[in-house]
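Below is data30.txt, which holds compact mmCIF, C-alpha atoms.
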# COMPACT_ATOMS: atom_id res chain seq x y z
CA MET A 1 0.50 6.17 14.57
CA ASN A 2 -1.03 9.64 14.88
CA HIS A 3 -2.09 11.66 11.84
CA PHE A 4 0.99 13.92 11.85
CA SER A 5 3.47 11.02 11.97
CA GLU A 6 1.62 9.27 9.18
CA LEU A 7 1.61 12.50 7.17
CA ARG A 8 5.36 12.98 7.60
CA ALA A 9 6.05 9.39 6.57
CA LEU A 10 3.90 9.68 3.43
CA LEU A 11 5.49 12.95 2.34
CA THR A 12 9.05 11.58 2.44
CA ASP A 13 8.63 9.32 -0.60
CA PRO A 14 6.72 10.65 -3.65
CA SER A 15 4.76 7.76 -5.15
CA PRO A 16 1.26 7.11 -6.52
CA ARG A 17 0.54 4.85 -3.54
CA HIS A 18 1.60 7.47 -1.00
CA TRP A 19 -0.43 10.12 -2.81
CA LEU A 20 -3.62 8.02 -2.52
CA GLN A 21 -2.88 7.31 1.14
CA LEU A 22 -2.33 11.02 1.75
CA ILE A 23 -5.71 11.92 0.26
CA ASP A 24 -7.33 9.13 2.28
CA LEU A 25 -5.68 10.44 5.46
CA PHE A 26 -7.14 13.92 4.95
CA ASP A 27 -10.57 12.48 4.09
CA LYS A 28 -10.63 10.72 7.48
CA TRP A 29 -9.21 13.70 9.40
CA GLU A 30 -11.79 15.75 11.24
CA HIS A 31 -11.99 19.42 10.16
CA THR A 32 -10.00 21.02 12.99
CA PRO A 33 -7.26 23.65 13.26
CA GLU A 34 -4.80 20.73 13.49
CA ARG A 35 -5.97 19.48 10.07
CA GLU A 36 -5.55 22.96 8.60
CA LEU A 37 -2.00 23.10 9.92
CA ALA A 38 -1.35 19.65 8.43
CA LEU A 39 -2.68 20.81 5.04
CA GLN A 40 -0.31 23.78 5.09
CA TYR A 41 2.55 21.45 6.00
CA ALA A 42 1.61 19.08 3.17
CA GLU A 43 1.35 21.93 0.65
CA GLN A 44 4.92 22.97 1.42
CA HIS A 45 6.35 19.47 1.12
CA LEU A 46 4.34 18.56 -1.96
CA ASN A 47 6.03 21.36 -3.91
CA ALA A 48 8.89 18.91 -4.43
CA TRP A 49 6.58 16.22 -5.84
CA PRO A 50 6.03 15.84 -9.61
CA PHE A 51 2.76 17.33 -10.88
CA ARG A 52 1.82 14.02 -12.49
CA LEU A 53 1.54 12.30 -9.08
CA ARG A 54 -0.71 14.94 -7.56
CA ARG A 55 -3.95 13.94 -9.26
CA TYR A 56 -7.57 14.19 -8.30
CA PRO A 57 -9.24 10.90 -7.37
CA PHE A 58 -11.01 9.11 -10.21
CA ILE A 59 -14.59 10.02 -9.33
CA PRO A 60 -17.44 11.35 -11.49
CA ILE A 61 -17.34 15.06 -12.25
CA ASP A 62 -20.64 15.63 -10.41
CA GLU A 63 -19.10 14.20 -7.23
CA ILE A 64 -16.17 16.59 -7.56
CA LEU A 65 -18.61 19.48 -7.97
CA ASP A 66 -20.49 18.39 -4.84
CA LYS A 67 -17.38 18.41 -2.63
CA SER A 68 -17.04 21.10 0.02
CA ALA A 69 -14.31 23.72 -0.28
CA GLN A 70 -12.47 21.91 2.55
CA TRP A 71 -11.90 18.80 0.42
CA ALA A 72 -8.11 18.24 0.55
CA PRO A 73 -7.57 17.65 -3.21
CA PHE A 74 -8.78 21.21 -3.91
CA ARG A 75 -5.65 22.36 -2.05
CA LEU A 76 -3.21 19.59 -2.92
CA ALA A 77 -4.03 18.10 -6.33
CA LEU A 78 -2.69 19.59 -9.57
CA ARG A 79 -3.82 17.06 -12.18
CA LEU A 80 -7.34 16.14 -13.27
CA GLU A 81 -8.05 13.33 -15.70
CA LEU A 82 -11.46 13.43 -17.34
CA SER A 83 -10.63 11.40 -20.43
CA ARG A 84 -13.56 9.28 -21.61
CA THR A 85 -15.89 10.67 -18.93
CA TYR A 86 -18.01 12.66 -21.43
CA PRO A 87 -18.65 15.79 -19.37
CA ASN A 88 -21.10 18.29 -20.80
CA LEU A 89 -20.42 21.99 -21.28
CA ASP A 90 -22.41 22.95 -18.17
CA GLN A 91 -20.40 20.55 -15.98
CA LEU A 92 -17.11 21.89 -17.33
CA THR A 93 -18.24 25.49 -16.81
CA LYS A 94 -19.11 24.71 -13.17
CA LEU A 95 -15.84 22.85 -12.73
CA PHE A 96 -13.79 25.79 -14.01
CA ASN A 97 -15.66 28.07 -11.57
CA SER A 98 -14.89 25.74 -8.65
CA PRO A 99 -11.83 25.74 -6.35
CA ILE A 100 -10.08 23.60 -9.00
CA SER A 101 -9.45 26.71 -11.06
CA GLU A 102 -6.94 28.08 -8.54
CA ARG A 103 -4.27 25.35 -8.78
CA LEU A 104 -4.88 22.97 -11.66
CA ARG A 105 -1.74 22.44 -13.76
CA ILE A 106 -2.65 19.41 -15.92
CA LEU A 107 -6.10 18.74 -17.39
CA ASP A 108 -6.93 15.77 -19.59
CA LEU A 109 -10.16 16.18 -21.56
CA SER A 110 -9.20 13.81 -24.36
CA THR A 111 -11.62 11.41 -26.02
CA ASN A 112 -14.84 13.06 -24.83
CA ARG A 113 -16.52 14.00 -28.14
CA LEU A 114 -16.35 17.64 -27.05
CA GLN A 115 -17.38 20.14 -29.70
CA HIS A 116 -16.79 23.22 -27.53
CA LEU A 117 -14.86 24.23 -24.46
CA PRO A 118 -16.36 26.61 -21.90
CA ASN A 119 -15.56 30.30 -22.23
CA ASN A 120 -14.31 30.29 -18.66
CA LEU A 121 -11.39 27.97 -19.53
CA SER A 122 -9.19 31.04 -19.01
CA LYS A 123 -9.98 30.84 -15.27
CA LEU A 124 -7.48 27.98 -15.09
CA THR A 125 -4.62 30.45 -14.70
CA GLN A 126 -2.09 27.85 -13.47
CA LEU A 127 -2.84 25.37 -16.28
CA ARG A 128 0.33 24.23 -18.07
CA ILE A 129 -0.84 21.12 -19.95
CA LEU A 130 -4.24 20.66 -21.60
CA HIS A 131 -5.01 17.42 -23.43
CA VAL A 132 -7.93 17.77 -25.84
CA ASP A 133 -7.00 15.22 -28.50
CA HIS A 134 -9.64 12.90 -29.96
CA ASN A 135 -12.49 15.40 -29.60
CA GLU A 136 -14.50 17.31 -32.19
CA LEU A 137 -13.20 20.79 -31.36
CA THR A 138 -12.86 23.33 -34.14
CA GLN A 139 -11.74 26.32 -32.05
CA PHE A 140 -10.75 27.41 -28.56
CA PRO A 141 -12.76 29.94 -26.54
CA THR A 142 -11.91 33.52 -27.46
CA SER A 143 -11.10 34.18 -23.79
CA CYS A 144 -7.97 32.02 -24.25
CA GLY A 145 -6.40 34.41 -26.70

Using the file provided, produce a representation of the structure as structure tokens.
Amino acid sequence: MNHFSELRALLTDPSPRHWLQLIDLFDKWEHTPERELALQYAEQHLNAWPFRLRRYPFIPIDEILDKSAQWAPFRLALRLELSRTYPNLDQLTKLFNSPISERLRILDLSTNRLQHLPNNLSKLTQLRILHVDHNELTQFPTSCG
């Protein structure tokens, strides 16, 4: 099966398994104009998928920060779960300055012993759900209103 047929088949049925296979497909796909066209096609069809399914892979935050701007999840994923990963303020600041800031809708920072959130949290302009329970926060950054 060629990449486009596999892509079409995966996009027809929103499921966690198909989401992971979709990300894997783009990871294996060489960076060509055909891949770019496929990403645009996927973006359109993924609009019908629930946000909760479109999550970043469970990898350490430093690995996310090391990814190139062409990494497919930067364009397709809307949910990032960092619960119990204990990121530091510098890592979160870098993360919020990365391509993630353009599309992220759901962010889970719960149970990280965070005392502060970065001032650039407001860069997450598409963010709709922020989980920060079970931390040691006393206030939000002033940039958030």

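Going from CA of Asn119 in chain A to CA of Ser143 in chain A covers 6.1 Å.
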
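Of the residues listed (A:Arg113, A:Arg75, A:His3, A:His31), A:Arg113 shows the shortest atom-to-atom separation from Thr138 in chain A; distances use only C-alpha atoms.
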
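Using all atoms listed in the file, the smallest distance between any of A:Leu82, A:Leu53, A:Thr125, A:Ala38 and Cys144 in chain A comes from A:Thr125.
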
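Look at Leu78 in chain A: the protein and nucleic acid residues within 7 Å of it, using all atoms listed in the file and passing over chain neighbours fewer than 6 places away, are A:Phe51, A:Arg54, A:Arg55, A:Arg103, A:Leu104, A:Arg105, A:Ile106.
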
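The space separating CA of Asp27 in chain A from CA of Asn97 in chain A comes to 22.7 Å.
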
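Of note, CA of Gln44 in chain A and CA of Glu81 in chain A are spaced 23.5 Å apart.
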
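Compared by their closest atoms to Asn112 in chain A, and using only C-alpha atoms, the residues A:Asn135, A:Ser68, A:Thr142, A:Thr12 rank with A:Asn135 nearest.
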
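Restricting the calculation to all atoms listed in the file, the smallest distance between Arg128 in chain A and any of A:Arg52, A:Gln115, A:Arg84, A:Thr93 is found for A:Arg52.
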
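When only C-alpha atoms are used to compute distances to Ser83 in chain A, the closest of the residues A:Arg35, A:Arg17, A:Lys28, A:His131 turns out to be A:His131.
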
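Counting all atoms listed in the file, the residue from A:Pro141, A:Pro33, A:Pro87, A:Pro16 that sits nearest to Tyr56 in chain A is A:Pro16.
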
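Near (-10.7, 26.5, -16.5), the residues inside the 8 Å limit, counting only C-alpha atoms, come to Leu92, Thr93, Leu95, Phe96, Asn97, Ser101, Pro118, Asn120, Leu121, Ser122, Lys123, Leu124, Thr125 and Leu127 of chain A.
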